[in-house]
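Source file: data.csv; contents: CSV, C-alpha atoms.
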chain,number,residue,atom,x,y,z
A,1,MET,CA,-23.8,-25.7,33.5
A,2,PRO,CA,-20.4,-25.6,35.1
A,3,PRO,CA,-20.0,-27.1,38.6
A,4,ALA,CA,-20.1,-24.8,41.6
A,5,LEU,CA,-16.8,-23.8,42.9
A,6,ASN,CA,-15.9,-24.5,46.6
A,7,ALA,CA,-14.0,-22.4,49.0
A,8,ALA,CA,-10.7,-24.0,48.1
A,9,ASP,CA,-11.3,-23.0,44.4
A,10,LEU,CA,-11.8,-19.4,45.5
A,11,ARG,CA,-9.1,-18.8,48.1
A,12,PRO,CA,-6.9,-15.7,47.8
A,13,GLY,CA,-4.2,-16.2,45.3
A,14,VAL,CA,-6.2,-18.5,43.1
A,15,GLN,CA,-5.7,-17.4,39.4
A,16,VAL,CA,-8.7,-16.5,37.2
A,17,PRO,CA,-8.4,-18.6,34.1
A,18,VAL,CA,-6.7,-16.7,31.3
A,19,LEU,CA,-8.9,-15.3,28.5
A,20,GLU,CA,-7.3,-14.3,25.2
A,21,ARG,CA,-9.1,-12.6,22.4
A,22,LYS,CA,-7.9,-11.1,19.1
A,23,LEU,CA,-9.4,-7.7,18.6
A,24,ASP,CA,-9.3,-7.3,14.8
A,25,LEU,CA,-10.9,-4.6,12.8
A,26,VAL,CA,-13.9,-6.8,11.9
A,27,ARG,CA,-14.7,-7.4,15.6
A,28,MET,CA,-14.3,-3.7,16.3
A,29,ILE,CA,-16.7,-2.8,13.5
A,30,ALA,CA,-19.2,-5.4,14.8
A,31,TYR,CA,-18.8,-3.9,18.3
A,32,ALA,CA,-19.4,-0.4,16.9
A,33,GLY,CA,-22.6,-1.6,15.2
A,34,ALA,CA,-23.8,-3.5,18.3
A,35,THR,CA,-23.3,-0.4,20.5
A,36,TRP,CA,-24.1,2.2,17.9
A,37,ASP,CA,-20.8,3.9,18.7
A,38,TRP,CA,-19.5,5.2,15.4
A,39,ALA,CA,-16.5,7.2,16.7
A,40,ARG,CA,-14.1,7.1,13.8
A,41,LEU,CA,-11.2,6.5,16.1
A,42,HIS,CA,-12.4,2.9,16.4
A,43,TYR,CA,-12.8,1.9,12.8
A,44,ASP,CA,-11.5,4.6,10.3
A,45,PRO,CA,-7.9,4.0,9.1
A,46,ALA,CA,-7.8,7.4,7.3
A,47,TYR,CA,-9.0,9.2,10.5
A,48,VAL,CA,-6.3,7.5,12.7
A,49,ALA,CA,-3.6,8.1,10.1
A,50,GLU,CA,-4.3,11.8,10.2
A,51,ARG,CA,-3.7,11.6,14.0
A,52,LYS,CA,-0.5,9.6,13.5
A,53,LEU,CA,-1.8,6.5,15.1
A,54,PRO,CA,-0.7,3.2,13.7
A,55,ALA,CA,-4.2,1.7,13.5
A,56,PRO,CA,-7.8,2.1,14.7
A,57,VAL,CA,-7.9,2.2,18.5
A,58,ILE,CA,-10.1,-0.3,20.3
A,59,ASP,CA,-13.1,1.0,22.4
A,60,GLY,CA,-11.9,0.8,26.0
A,61,GLN,CA,-15.1,-0.7,27.1
A,62,MET,CA,-14.4,-3.8,25.1
A,63,LEU,CA,-11.8,-4.5,27.7
A,64,GLY,CA,-14.5,-4.2,30.4
A,65,ALA,CA,-16.6,-6.7,28.5
A,66,LEU,CA,-13.7,-9.1,28.4
A,67,LEU,CA,-12.9,-8.7,32.1
A,68,SER,CA,-16.5,-9.6,33.0
A,69,GLU,CA,-16.5,-12.5,30.4
A,70,ALA,CA,-13.4,-14.0,32.0
A,71,LEU,CA,-15.1,-13.9,35.4
A,72,LEU,CA,-18.5,-15.3,34.4
A,73,ASP,CA,-16.9,-18.1,32.3
A,74,TRP,CA,-15.0,-19.2,35.4
A,75,LEU,CA,-17.6,-18.6,38.1
A,76,GLY,CA,-20.7,-19.8,36.3
A,77,PRO,CA,-24.1,-18.3,35.4
A,78,ARG,CA,-25.2,-17.8,39.1
A,79,ALA,CA,-22.3,-15.4,39.8
A,80,PHE,CA,-23.3,-11.7,39.7
A,81,ILE,CA,-20.6,-9.1,39.2
A,82,PHE,CA,-21.7,-6.1,41.2
A,83,LYS,CA,-18.6,-4.0,40.8
A,84,LEU,CA,-16.0,-3.8,38.0
A,85,ASN,CA,-13.4,-1.2,37.5
A,86,PHE,CA,-10.4,-0.7,35.3
A,87,ARG,CA,-7.9,2.0,34.3
A,88,LEU,CA,-6.5,2.2,30.8
A,89,ARG,CA,-2.7,2.3,30.8
A,90,ALA,CA,-2.0,2.1,27.0
A,91,MET,CA,-3.8,2.1,23.7
A,92,VAL,CA,-4.9,-1.1,22.2
A,93,PHE,CA,-5.0,-1.2,18.4
A,94,ALA,CA,-6.8,-3.2,15.8
A,95,GLY,CA,-5.2,-6.6,15.4
A,96,ASP,CA,-3.8,-6.8,18.9
A,97,THR,CA,-4.5,-9.9,20.9
A,98,VAL,CA,-5.3,-9.1,24.5
A,99,ARG,CA,-4.7,-11.5,27.4
A,100,CYS,CA,-6.8,-11.1,30.5
A,101,GLU,CA,-5.4,-12.4,33.8
A,102,GLY,CA,-6.4,-12.1,37.4
A,103,GLN,CA,-6.3,-13.5,40.9
A,104,VAL,CA,-8.5,-13.7,43.9
A,105,THR,CA,-7.6,-11.2,46.6
A,106,ALA,CA,-10.4,-11.9,49.1
A,107,LEU,CA,-13.3,-14.3,49.8
A,108,ALA,CA,-16.0,-13.5,52.4
A,109,THR,CA,-19.2,-15.1,53.4
A,110,ALA,CA,-22.3,-13.1,54.4
A,111,ALA,CA,-26.0,-13.8,54.5
A,112,GLU,CA,-25.8,-17.1,52.7
A,113,GLN,CA,-23.7,-15.5,49.9
A,114,ARG,CA,-20.1,-15.5,49.1
A,115,LEU,CA,-18.4,-12.3,48.1
A,116,LEU,CA,-15.3,-12.6,45.9
A,117,THR,CA,-12.8,-9.8,45.2
A,118,VAL,CA,-10.4,-10.2,42.3
A,119,ALA,CA,-7.6,-8.1,40.8
A,120,GLN,CA,-7.3,-8.2,37.0
A,121,ARG,CA,-4.9,-7.1,34.4
A,122,ILE,CA,-4.9,-7.0,30.6
A,123,TYR,CA,-1.8,-7.5,28.6
A,124,VAL,CA,-0.8,-7.0,24.9
A,125,SER,CA,2.5,-8.7,24.0
A,126,GLY,CA,3.5,-8.8,27.7
A,127,ARG,CA,2.7,-5.1,28.3
A,128,VAL,CA,0.0,-4.1,30.8
A,129,VAL,CA,-2.7,-2.1,28.9
A,130,ALA,CA,-5.3,-2.1,31.6
A,131,ASP,CA,-5.7,-3.0,35.2
A,132,GLY,CA,-8.5,-3.1,37.8
A,133,GLY,CA,-10.6,-5.5,39.7
A,134,ALA,CA,-14.1,-6.7,40.4
A,135,CYS,CA,-16.4,-7.8,43.3
A,136,VAL,CA,-18.7,-10.8,42.6
A,137,ARG,CA,-21.6,-12.3,44.5
A,138,LEU,CA,-21.9,-16.1,44.5
A,139,PRO,CA,-24.5,-18.3,46.1
A,140,GLY,CA,-23.4,-19.7,49.4
B,1,MET,CA,-3.3,30.6,32.8
B,2,GLY,CA,-4.4,27.1,34.0
B,3,LEU,CA,-6.7,24.8,32.1
B,4,LEU,CA,-9.4,24.9,34.8
B,5,THR,CA,-11.1,28.1,34.0
B,6,GLY,CA,-14.0,29.7,35.8
B,7,GLU,CA,-16.2,28.9,32.8
B,8,LEU,CA,-15.2,25.3,33.0
B,9,LYS,CA,-15.8,25.0,36.7
B,10,GLN,CA,-19.5,26.0,36.1
B,11,TRP,CA,-20.0,22.7,34.2
B,12,VAL,CA,-19.6,20.7,37.4
B,13,GLY,CA,-23.0,19.4,38.5
B,14,ARG,CA,-24.6,19.6,35.0
B,15,GLU,CA,-26.9,16.7,34.1
B,16,PHE,CA,-28.4,15.3,30.9
B,17,ASN,CA,-31.2,12.8,30.7
B,18,TYR,CA,-32.0,10.4,27.8
B,19,ILE,CA,-34.9,8.1,27.4
B,20,ALA,CA,-34.5,5.2,25.0
B,21,PRO,CA,-37.2,5.1,22.2
B,22,GLU,CA,-37.8,1.3,22.6
B,23,GLU,CA,-36.9,-1.7,24.6
B,24,ILE,CA,-33.4,-3.1,24.4
B,25,GLY,CA,-34.5,-6.2,22.5
B,26,ARG,CA,-33.0,-9.7,22.4
B,27,ALA,CA,-31.2,-9.1,19.1
B,28,SER,CA,-29.1,-6.2,20.4
B,29,ILE,CA,-28.0,-8.4,23.4
B,30,ARG,CA,-27.1,-11.2,21.0
B,31,TYR,CA,-25.2,-8.9,18.6
B,32,PHE,CA,-23.2,-7.4,21.5
B,33,ALA,CA,-22.2,-10.9,22.7
B,34,LEU,CA,-21.4,-12.0,19.1
B,35,ALA,CA,-19.3,-8.9,18.5
B,36,MET,CA,-17.2,-9.7,21.6
B,37,GLY,CA,-16.9,-13.4,20.8
B,38,ASP,CA,-18.7,-14.2,24.1
B,39,ASP,CA,-20.6,-17.5,23.8
B,40,ASN,CA,-22.2,-17.5,27.3
B,41,ARG,CA,-25.6,-19.0,26.9
B,42,LEU,CA,-27.1,-16.6,29.5
B,43,TYR,CA,-27.4,-14.1,26.7
B,44,VAL,CA,-29.3,-16.3,24.1
B,45,ASP,CA,-30.9,-19.3,25.9
B,46,ASP,CA,-33.9,-18.7,28.0
B,47,GLU,CA,-34.0,-22.2,29.5
B,48,TYR,CA,-30.3,-21.9,30.5
B,49,ALA,CA,-30.9,-18.5,32.0
B,50,ARG,CA,-33.9,-19.8,34.0
B,51,ALA,CA,-31.9,-22.7,35.3
B,52,ALA,CA,-29.5,-20.1,36.6
B,53,GLY,CA,-32.3,-18.3,38.4
B,54,TYR,CA,-33.1,-15.5,35.9
B,55,PRO,CA,-36.6,-15.0,34.3
B,56,GLY,CA,-35.0,-15.3,30.9
B,57,VAL,CA,-31.9,-14.2,28.9
B,58,ILE,CA,-30.0,-11.3,30.4
B,59,ALA,CA,-27.5,-8.8,28.9
B,60,PRO,CA,-23.7,-9.0,29.4
B,61,PRO,CA,-22.9,-6.8,32.4
B,62,THR,CA,-21.2,-3.9,30.5
B,63,PHE,CA,-23.7,-3.9,27.6
B,64,ILE,CA,-26.1,-1.3,29.0
B,65,CYS,CA,-23.2,1.0,29.9
B,66,GLU,CA,-21.9,0.9,26.3
B,67,THR,CA,-24.9,1.0,24.1
B,68,ASN,CA,-25.7,4.3,22.6
B,69,GLN,CA,-29.2,3.3,21.4
B,70,TYR,CA,-30.8,5.7,23.8
B,71,ALA,CA,-29.1,8.8,22.3
B,72,HIS,CA,-31.0,10.8,19.6
B,73,ARG,CA,-28.0,12.8,18.5
B,74,GLN,CA,-26.3,13.5,15.2
B,75,PRO,CA,-22.7,12.3,14.8
B,76,ASN,CA,-20.2,14.9,16.0
B,77,ALA,CA,-17.1,15.7,14.0
B,78,ASP,CA,-15.4,12.6,15.2
B,79,GLY,CA,-18.4,10.4,14.3
B,80,TYR,CA,-19.6,9.9,17.9
B,81,ILE,CA,-23.4,10.0,18.6
B,82,GLY,CA,-23.5,9.1,22.2
B,83,HIS,CA,-23.5,11.6,25.1
B,84,SER,CA,-20.8,14.2,24.9
B,85,TRP,CA,-20.1,17.1,27.3
B,86,ASP,CA,-18.6,19.3,24.6
B,87,LEU,CA,-16.6,21.1,27.2
B,88,PRO,CA,-15.1,24.5,26.4
B,89,ILE,CA,-11.5,23.2,26.3
B,90,SER,CA,-9.2,24.1,23.4
B,91,GLY,CA,-5.8,22.8,22.5
B,92,CYS,CA,-6.2,19.6,24.4
B,93,ARG,CA,-6.8,16.0,23.5
B,94,MET,CA,-9.4,14.2,25.6
B,95,ILE,CA,-8.6,10.5,26.3
B,96,ARG,CA,-10.6,8.0,28.4
B,97,GLY,CA,-8.8,7.0,31.6
B,98,GLY,CA,-11.1,4.2,32.8
B,99,HIS,CA,-14.4,3.1,34.2
B,100,GLU,CA,-15.9,2.2,37.5
B,101,TYR,CA,-19.0,0.2,37.1
B,102,GLU,CA,-21.6,-0.8,39.7
B,103,PHE,CA,-24.3,-3.3,38.7
B,104,PHE,CA,-27.4,-3.5,40.7
B,105,GLN,CA,-29.6,-5.9,38.8
B,106,PRO,CA,-29.4,-7.8,35.5
B,107,VAL,CA,-30.6,-6.1,32.4
B,108,ARG,CA,-33.4,-7.8,30.4
B,109,SER,CA,-34.3,-7.5,26.8
B,110,GLU,CA,-37.7,-6.0,27.6
B,111,ASP,CA,-36.1,-3.1,29.6
B,112,ARG,CA,-36.4,0.4,28.3
B,113,ILE,CA,-33.7,2.4,29.7
B,114,THR,CA,-33.4,6.0,31.0
B,115,VAL,CA,-29.9,7.4,31.3
B,116,ASN,CA,-28.8,10.2,33.6
B,117,TRP,CA,-25.4,11.7,32.9
B,118,ARG,CA,-23.9,13.9,35.6
B,119,LEU,CA,-20.6,15.8,35.4
B,120,VAL,CA,-19.2,15.1,38.9
B,121,ASP,CA,-15.9,16.8,39.0
B,122,ILE,CA,-13.2,18.6,37.0
B,123,SER,CA,-9.8,19.0,38.5
B,124,GLU,CA,-6.4,20.2,37.3
B,125,HIS,CA,-3.2,18.2,37.9
B,126,GLY,CA,0.4,18.2,36.8
B,127,SER,CA,1.2,15.9,33.9
B,128,SER,CA,4.0,13.4,33.8
B,129,ARG,CA,5.0,15.0,30.5
B,130,GLY,CA,5.7,18.3,32.2
B,131,GLY,CA,2.5,20.3,31.4
B,132,THR,CA,-0.9,20.2,33.1
B,133,MET,CA,-3.9,18.1,32.6
B,134,LEU,CA,-7.6,18.1,33.5
B,135,ILE,CA,-9.3,15.1,35.0
B,136,VAL,CA,-13.0,14.9,34.2
B,137,ILE,CA,-15.2,12.5,36.1
B,138,ALA,CA,-18.7,11.9,34.9
B,139,THR,CA,-21.3,9.4,36.0
B,140,ALA,CA,-24.0,7.7,33.9
B,141,SER,CA,-26.8,6.0,35.7
B,142,PHE,CA,-29.0,3.5,33.9
B,143,SER,CA,-32.5,2.8,35.0
B,144,ASN,CA,-35.3,0.7,33.5
B,145,GLN,CA,-39.0,1.5,33.1
B,146,ASP,CA,-39.7,0.7,36.7
B,147,ALA,CA,-37.3,3.4,37.6
B,148,ARG,CA,-35.0,0.8,39.3
B,149,GLU,CA,-31.4,1.7,38.8
B,150,GLN,CA,-29.7,-1.1,36.9
B,151,SER,CA,-26.1,0.1,36.5
B,152,ARG,CA,-23.9,3.0,37.0
B,153,ASP,CA,-20.7,3.8,35.2
B,154,ALA,CA,-18.3,6.5,36.4
B,155,HIS,CA,-16.1,7.7,33.5
B,156,LEU,CA,-12.7,9.0,34.1
B,157,SER,CA,-11.3,11.1,31.3
B,158,ALA,CA,-8.2,13.3,31.0
B,159,ALA,CA,-7.4,16.2,28.8
B,160,GLY,CA,-4.1,17.9,28.8
B,161,GLN,CA,-1.3,19.7,27.3
B,162,SER,CA,2.3,19.1,27.8
B,163,SER,CA,5.1,21.6,27.4
B,164,ALA,CA,6.4,19.3,24.7
B,165,GLU,CA,3.1,19.5,22.8
B,166,ARG,CA,3.0,23.3,22.9
B,167,ARG,CA,6.5,23.5,21.4
B,168,ASN,CA,5.5,21.3,18.5
B,169,ARG,CA,2.5,23.3,17.5

Could you show the structure in this file as structure tokens?
Amino acid sequence: MPPALNAADLRPGVQVPVLERKLDLVRMIAYAGATWDWARLHYDPAYVAERKLPAPVIDGQMLGALLSEALLDWLGPRAFIFKLNFRLRAMVFAGDTVRCEGQVTALATAAEQRLLTVAQRIYVSGRVVADGGACVRLPG
Amino acid sequence: MGLLTGELKQWVGREFNYIAPEEIGRASIRYFALAMGDDNRLYVDDEYARAAGYPGVIAPPTFICETNQYAHRQPNADGYIGHSWDLPISGCRMIRGGHEYEFFQPVRSEDRITVNWRLVDISEHGSSRGGTMLIVIATASFSNQDAREQSRDAHLSAAGQSSAERRNR
């Protein structure tokens, strides 16, 4: 289990460790099966070609899953994300590698708990494809 | 004539409820984590999860907001089987704008979920491409068999036409 982070590790400005993940078509099909979301936009090359898109489009909620993974990998299993939000700024396509970054914007202590606020962004090839943030509860 | 018709306005406040036919199950949690490439042991290792203060393995936070296992629908024309509003909008493409999640308690494999979908608001705005667009906000609330709300997901979607799109049709 990762060591607990102290206040200095969580001060505003501290960077969330970067998480990168390639979202290839195999992963997208696995995700469709795991979520029983068979929207053809997310796996069918013929369907997207008809709509003049270059490749299947990733399910936007995959980005939410990655944002939460980045936080829990860093903060450890006792952290509880109680708010997470993101806006989609651009399509992400099969084969893209996404890069999740973030930084702490606030740390507060209340009732023997620490409340962490972070801002997060997701990039593909240096372009922002999503941005948002999260609020996390940590043991005091 | 604007996109936000009187007929469309009447959709605001509509709700749909779904009850999952079975518990979530450990395998569906593991498959979701595998699909994402997330090797966090919280999702597969009971001993690890208990050491972290949980009764056993839990689901990744967004899992419950994404699974469509509760829906008993046939695929629509686009292959989607999850909840859909099927709004009376023509000549527009609906795209997802984002999500705002609230998580109240961890989701367990033995949870059997009920999902309440509510169409919160539809509004019309100018589009950066010169036309107009609709912003549709809907909320999905996920509760377990104890009727304790576990998660809530506010979906932001947009549908619009631009003057450029009209000329190209």

Could you work out which residues of chain A fall inside 6 Å of chain B? Count all atoms listed in the file, and format the result as an NGL selection string.
:A and (27 or 30-31 or 34-36 or 38-40 or 65 or 77-78 or 82-88)

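Across the structure, CA of Arg114 in chain A and CA of Glu47 in chain B are spaced 24.9 Å apart.
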
Could you jot down the CA of Asn116 in chain B to CA of Phe16 in chain B separation for me, Å, one decimal place?
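Straight-line distance from CA of Asn116 in chain B to CA of Phe16 in chain B works out to 5.8 Å.
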
Near range 13-23 of chain A, within 9 Å and counting all atoms listed in the file, which residues show up once chain neighbours fewer than 6 positions away are dropped, as a list in words?
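Listed by chain and then number, they are Ile58, Leu66, Leu67, Glu69, Ala70, Leu71, Asp73, Trp74, Val92, Phe93, Ala94, Gly95, Asp96, Thr97, Val98, Arg99, Cys100, Glu101, Gly102, Gln103, Val104, Thr105, Ala106, Val118 and Gln120 of chain A; Met36 and Gly37 of chain B.
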
Show me the residues close to (-22.3, 19.1, 31.4) - anything with an atom within 6 Å, counting all atoms listed in the file - and format the list as a VMD selection string.
chain B and resid 11 14 to 15 85 119

Pick from A:Ile29, A:Leu63, A:Cys135, A:Leu5: nearest to Arg121 in chain A, with all atoms listed in the file counted?
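Looking at the shortest contact to Arg121 in chain A, the residue is A:Leu63.
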
Expressed in Å, the length from CA of Gly140 in chain A to CA of Glu112 in chain A is 4.8 Å

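Residues in contact with range 5-9 of chain B at up to 12 Å, not including ones fewer than 4 positions away on its chain and judged by all atoms listed in the file, are B:Met1, B:Gly13, B:Arg14, B:Trp85, B:Asp86, B:Leu87, B:Pro88, B:Ile89, B:Ser90, B:Leu119, B:Val120, B:Asp121, B:Ile122, B:Ser123, B:Glu124, B:Leu134, B:Ile135, B:Val136.
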
Requested file, range 87-111 of chain B restricted to C-alpha atoms, as a compact mmCIF listing (two decimals), in the first residue's frame:
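Output (result_11.txt):
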# COMPACT_ATOMS: atom_id res chain seq x y z
CA LEU B 87 -35.98 14.14 -27.98
CA PRO B 88 -38.09 15.51 -30.88
CA ILE B 89 -35.17 17.37 -32.45
CA SER B 90 -34.50 17.13 -36.16
CA GLY B 91 -31.62 18.31 -38.27
CA CYS B 92 -29.22 18.42 -35.35
CA ARG B 93 -26.37 16.29 -34.15
CA MET B 94 -26.28 15.59 -30.43
CA ILE B 95 -22.84 15.53 -28.85
CA ARG B 96 -21.86 14.95 -25.25
CA GLY B 97 -20.38 18.00 -23.56
CA GLY B 98 -19.25 16.64 -20.23
CA HIS B 99 -20.08 15.11 -16.88
CA GLU B 100 -20.38 16.22 -13.29
CA TYR B 101 -20.17 13.28 -10.93
CA GLU B 102 -20.93 13.13 -7.24
CA PHE B 103 -19.95 9.96 -5.40
CA PHE B 104 -21.58 9.31 -2.04
CA GLN B 105 -20.40 5.83 -1.15
CA PRO B 106 -18.33 3.09 -2.77
CA VAL B 107 -20.07 0.62 -5.03
CA ARG B 108 -19.84 -3.06 -4.08
CA SER B 109 -20.18 -6.15 -6.23
CA GLU B 110 -23.30 -7.23 -4.35
CA ASP B 111 -25.10 -3.95 -5.03
